[in-house]
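**Q** Mind looking over this structure? Questions follow.
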Amino acid sequence: ILNVEQSPQSLHVQEGDSTNFTCSFPSSNFYALHWYRWETAKSPEALFVMTLNGDEKKKGRISATLNTKEGYSYLYIKGSQPEDSATYLCAFHTGTASKLTFGTGTRLQVTL
Amino acid sequence: GAGVSQSPSNKVTEKGKDVELRCDPISGHTALYWYRQSLGQGLEFLIYFQGNSAPDKSGLPSDRFSAERTGGSVSTLTIQRTQQEDSAVYLCASSPPGGVNQPQHFGDGTRLSIL
């Protein structure tokens with residue numbers, strides 16, 4: 001069984017705060033790490049796909065880092081806005097033609 | 001362009017009935033995945049189709065669940081003799097050629113309620 005752990009489970013911040021959450025995964029047989037944002041009543045939307053140790057990706061105010069040797073990835077949101085409220089999911093591949101194993105997500109709520 | 005399309009968007013049925021859920025992936029996407037999210041749970045992998053290869057069925061919870069993908073495009077997930085624990089949101093996703101480097105594109109899901 002492959003465990004993907006995300007923390008915290010939920011997070012409540014105020015508009016303008018910067019925040020980050022963690023995704024932990026087994027460091028062996030790593031192929032790729034995905035981050036998705038899932039807003040209520042919508043479908044999950046891909047944020048990043050990361051494959052290389054030390055990789056850093058950025059999309060607007062959101063960025064992510066990857067450490068495959070120790071098995072973790074961080075997602076950062078700078079200057080949170082109410083529209084950032086969503087569940088953030090990470091998932092990883094263990095092979096070139098394998099399924100994605102998802103974590104249970106971090107639920108972020110940003111209030112004014 | 002058109003995204004992943006799922007139908008129906010909602011389905012309410014009685015325990016013991018069979019249901020069919022449909023997924024129309026993005027044109028040209030070779031990989032297709034089915035997931036479900038039960039209340040309070042994370043995304044649970046069900047089945048994965050990649051091109052003409054044999055599907056990875058390792059996530060199907062029981063033999064009441066089956067799926068097929070015809071012509072490398074549309075997929076149908078069938079649940080026979082539905083039980084109340086089958087109530088969940090069923091999500092389909094597809095991804096283009098390129099393997100694990102490609103993000104998955106999700107449909108809006110089918111919300112299944114078993115009475």
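Chain labels run A, B, ... following the order of the structure tokens; each chain numbers its residues from 1, and ligands are numbered from 1 in the order shown.
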Pull the closest atom pair for each residue of chain A that gets at most 12 Å from chain B, along with the distance in Å to one decimal, counting only C-alpha atoms, ordering rows by chain and then ascending residue number, as CSV.
**A**
residue,atom,partner,partner_atom,distance
A:Ile1,CA,B:Gly59,CA,11.7
A:Val4,CA,B:Gly42,CA,10.8
A:Glu5,CA,B:Gly42,CA,11.1
A:Gln6,CA,B:Gly42,CA,11.0
A:Gln9,CA,B:Gly42,CA,11.2
A:Phe30,CA,B:Val100,CA,10.6
A:Tyr31,CA,B:Val100,CA,7.2
A:Ala32,CA,B:Val100,CA,6.2
A:Leu33,CA,B:Asn101,CA,8.7
A:His34,CA,B:Pro103,CA,7.2
A:Trp35,CA,B:Pro103,CA,8.9
A:Tyr36,CA,B:Pro103,CA,9.0
A:Arg37,CA,B:Phe106,CA,11.2
A:Trp38,CA,B:Phe106,CA,10.2
A:Glu39,CA,B:Asp108,CA,11.2
A:Thr40,CA,B:Asp108,CA,10.8
A:Ala41,CA,B:Asp108,CA,8.1
A:Lys42,CA,B:Asp108,CA,6.2
A:Ser43,CA,B:Asp108,CA,4.9
A:Pro44,CA,B:Phe106,CA,6.1
A:Glu45,CA,B:His105,CA,7.0
A:Ala46,CA,B:Pro103,CA,6.0
A:Leu47,CA,B:Pro103,CA,8.3
A:Phe48,CA,B:Pro103,CA,7.6
A:Val49,CA,B:Asn101,CA,6.2
A:Met50,CA,B:Asn101,CA,7.5
A:Thr51,CA,B:Asn101,CA,7.2
A:Leu52,CA,B:Asn101,CA,10.7
A:Thr87,CA,B:Gly42,CA,10.5
A:Tyr88,CA,B:Gly42,CA,11.2
A:Leu89,CA,B:Gly42,CA,9.0
A:Cys90,CA,B:Leu43,CA,10.5
A:Ala91,CA,B:Leu43,CA,9.8
A:Phe92,CA,B:Val100,CA,8.9
A:His93,CA,B:Val100,CA,6.6
A:Thr94,CA,B:Val100,CA,9.0
A:Gly95,CA,B:Val100,CA,7.8
A:Thr96,CA,B:Val100,CA,6.0
A:Ala97,CA,B:Gly99,CA,6.3
A:Ser98,CA,B:Val100,CA,7.7
A:Lys99,CA,B:Tyr48,CA,6.6
A:Leu100,CA,B:Phe45,CA,7.6
A:Thr101,CA,B:Phe45,CA,7.2
A:Phe102,CA,B:Leu43,CA,6.2
A:Gly103,CA,B:Gly42,CA,6.7
A:Thr104,CA,B:Gly42,CA,4.4
A:Gly105,CA,B:Gly42,CA,7.1
A:Thr106,CA,B:Gly42,CA,10.4
A:Arg107,CA,B:Gly42,CA,11.5
**Q** Hey, what's within 8 Å of Lys17 in chain B if we count only C-alpha atoms and toss same-chain stuff fewer than 5 positions away? As a PyMOL selection string, please?
**A** chain B and resi 80-82
**Q** Distance CA of Thr30 in chain B-CA of Pro97 in chain B, one decimal place?
**A**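 Result for CA of Thr30 in chain B versus CA of Pro97 in chain B: 5.8 Å, one decimal.
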**Q** For the atom pair CA of Phe21 in chain A and CA of Leu108 in chain A, what is the interatomic distance in Å to one decimal place?
**A** 9.6 Å
**Q** Taking the chain letters and numbering used in this document, name the residues of chain B that DSSP puts in helix (DSSP H, G or I), as a VMD selection string.
**A** chain B and resid 70 to 72 84 to 86 99 to 101
**Q** Could you write out that same residue set with N, CA, C and O atoms as an mmCIF file, in the first residue's frame?
**A**
data_model
loop_
_atom_site.group_PDB
_atom_site.id
_atom_site.type_symbol
_atom_site.label_atom_id
_atom_site.label_comp_id
_atom_site.auth_asym_id
_atom_site.auth_seq_id
_atom_site.Cartn_x
_atom_site.Cartn_y
_atom_site.Cartn_z
ATOM 1 N N THR B 70 -14.417 1.675 -25.227
ATOM 2 C CA THR B 70 -14.622 1.227 -26.600
ATOM 3 C C THR B 70 -13.876 2.133 -27.576
ATOM 4 O O THR B 70 -13.951 3.363 -27.479
ATOM 5 N N GLY B 71 -13.158 1.501 -28.511
ATOM 6 C CA GLY B 71 -12.476 2.262 -29.544
ATOM 7 C C GLY B 71 -11.463 3.251 -29.027
ATOM 8 O O GLY B 71 -11.117 4.218 -29.700
ATOM 9 N N GLY B 72 -10.960 3.005 -27.825
ATOM 10 C CA GLY B 72 -9.965 3.903 -27.253
ATOM 11 C C GLY B 72 -10.497 5.263 -26.901
ATOM 12 O O GLY B 72 -9.718 6.202 -26.691
ATOM 13 N N GLN B 84 -25.874 0.619 -0.887
ATOM 14 C CA GLN B 84 -25.849 1.992 -0.377
ATOM 15 C C GLN B 84 -24.424 2.530 -0.265
ATOM 16 O O GLN B 84 -24.199 3.725 -0.469
ATOM 17 N N GLU B 85 -23.475 1.641 0.009
ATOM 18 C CA GLU B 85 -22.088 2.103 0.136
ATOM 19 C C GLU B 85 -21.476 2.523 -1.204
ATOM 20 O O GLU B 85 -20.366 3.063 -1.242
ATOM 21 N N ASP B 86 -22.208 2.274 -2.305
ATOM 22 C CA ASP B 86 -21.727 2.725 -3.615
ATOM 23 C C ASP B 86 -22.027 4.205 -3.841
ATOM 24 O O ASP B 86 -21.535 4.794 -4.823
ATOM 25 N N GLY B 99 2.873 9.975 -20.836
ATOM 26 C CA GLY B 99 3.066 9.250 -19.590
ATOM 27 C C GLY B 99 2.828 10.091 -18.360
ATOM 28 O O GLY B 99 1.978 10.981 -18.338
ATOM 29 N N VAL B 100 3.626 9.845 -17.329
ATOM 30 C CA VAL B 100 3.352 10.401 -16.015
ATOM 31 C C VAL B 100 3.637 11.888 -15.936
ATOM 32 O O VAL B 100 3.291 12.544 -14.954
ATOM 33 N N ASN B 101 4.286 12.452 -16.945
ATOM 34 C CA ASN B 101 4.537 13.892 -16.951
ATOM 35 C C ASN B 101 3.306 14.702 -17.304
ATOM 36 O O ASN B 101 3.317 15.927 -17.198
#
**Q** With a distance cut-off of 7 Å and only C-alpha atoms, select the neighbouring residues of Ser66 in chain B, excluding the residue or stretch itself and same-chain residues fewer than 3 positions from it, and output the selection as a ChimeraX atom specification.
**A** /B:77-79
**Q** Taking the chain letters and numbering used in this document, name the residues of range 19-93 of chain A that DSSP puts in strand (DSSP E or B), as a PyMOL selection string.
**A** chain A and resi 19-24+32-38+45-50+56-59+62-67+72-77+86-93
**Q** Select from range 4-30 of chain A every residue with an atom at most 10 Å from any atom of range 54-71 of chain A, then for each give the shortest pair of atoms and their distance in Å to one decimal, using only C-alpha atoms, rows by chain and rising number, as a tab-separated table.
**A**
residue	atom	partner	partner_atom	distance
A:Val4	CA	A:Gly71	CA	9.6
A:Ser18	CA	A:Arg61	CA	9.4
A:Thr19	CA	A:Ile62	CA	9.8
A:Asn20	CA	A:Ala64	CA	9.2
A:Phe21	CA	A:Ala64	CA	9.6
A:Thr22	CA	A:Ala64	CA	9.8
A:Cys23	CA	A:Gly71	CA	8.3
A:Ser24	CA	A:Gly71	CA	5.6
A:Phe25	CA	A:Gly71	CA	5.0
A:Pro26	CA	A:Gly71	CA	5.6
A:Ser27	CA	A:Gly71	CA	4.5
A:Ser28	CA	A:Lys69	CA	8.2
A:Asn29	CA	A:Thr68	CA	9.7
A:Phe30	CA	A:Thr68	CA	7.1
**Q** For C-alpha atoms, I'd like the residues from the last selection saved as a short mmCIF file (atom, residue, chain, number, x, y, z; two decimals), in the first residue's frame.
**A**
data_model
loop_
_atom_site.label_atom_id
_atom_site.label_comp_id
_atom_site.auth_asym_id
_atom_site.auth_seq_id
_atom_site.Cartn_x
_atom_site.Cartn_y
_atom_site.Cartn_z
CA VAL A 4 0.46 9.78 0.46
CA SER A 18 0.89 33.46 2.98
CA THR A 19 0.58 29.77 3.68
CA ASN A 20 2.04 26.41 2.83
CA PHE A 21 1.14 22.74 3.10
CA THR A 22 2.99 19.47 2.88
CA CYS A 23 2.69 16.31 0.83
CA SER A 24 4.69 13.27 1.97
CA PHE A 25 5.15 10.19 -0.18
CA PRO A 26 7.36 7.09 -0.32
CA SER A 27 10.77 8.11 -1.70
CA SER A 28 11.40 4.80 -3.51
CA ASN A 29 10.24 4.20 -7.09
CA PHE A 30 9.35 7.84 -7.59
#
**Q** Would you work out the distance separating CA of Leu11 in chain A from CA of Ser38 in chain B, expressed in Å to one decimal?
**A**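 We find that CA of Leu11 in chain A and CA of Ser38 in chain B lie 21.4 Å from each other.
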**Q** Please determine, counting only C-alpha atoms, which residue among B:Ser5, B:Val74, B:Ser113, B:Arg64 has the shortest atom-to-atom distance to Asp18 in chain B.
**A**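 Closest to Asp18 in chain B, using only C-alpha atoms: B:Arg64.
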**Q** Excluding same-chain residues fewer than 6 positions from Ser80 in chain A, what lies within 7 Å of it counting only C-alpha atoms, as JSON, numbers by chain?
**A** {"A": [15, 16, 17, 18, 110]}
**Q** Could you take the residues named above and write them with N, CA and C atoms, as a JSON list (two decimals), in the first residue's frame?
**A**
[["chain", "number", "residue", "atom", "x", "y", "z"],
["A", 15, "GLU", "N", -7.31, 36.78, 4.31],
["A", 15, "GLU", "CA", -6.86, 37.36, 3.05],
["A", 15, "GLU", "C", -5.53, 38.08, 3.26],
["A", 16, "GLY", "N", -4.59, 37.81, 2.36],
["A", 16, "GLY", "CA", -3.28, 38.44, 2.45],
["A", 16, "GLY", "C", -2.22, 37.59, 3.12],
["A", 17, "ASP", "N", -2.66, 36.59, 3.91],
["A", 17, "ASP", "CA", -1.69, 35.71, 4.57],
["A", 17, "ASP", "C", -1.03, 34.83, 3.52],
["A", 18, "SER", "N", 0.22, 34.48, 3.78],
["A", 18, "SER", "CA", 0.89, 33.46, 2.98],
["A", 18, "SER", "C", 0.83, 32.15, 3.74],
["A", 110, "VAL", "N", -10.02, 30.77, 2.89],
["A", 110, "VAL", "CA", -9.47, 32.12, 3.01],
["A", 110, "VAL", "C", -10.61, 33.07, 3.22]]
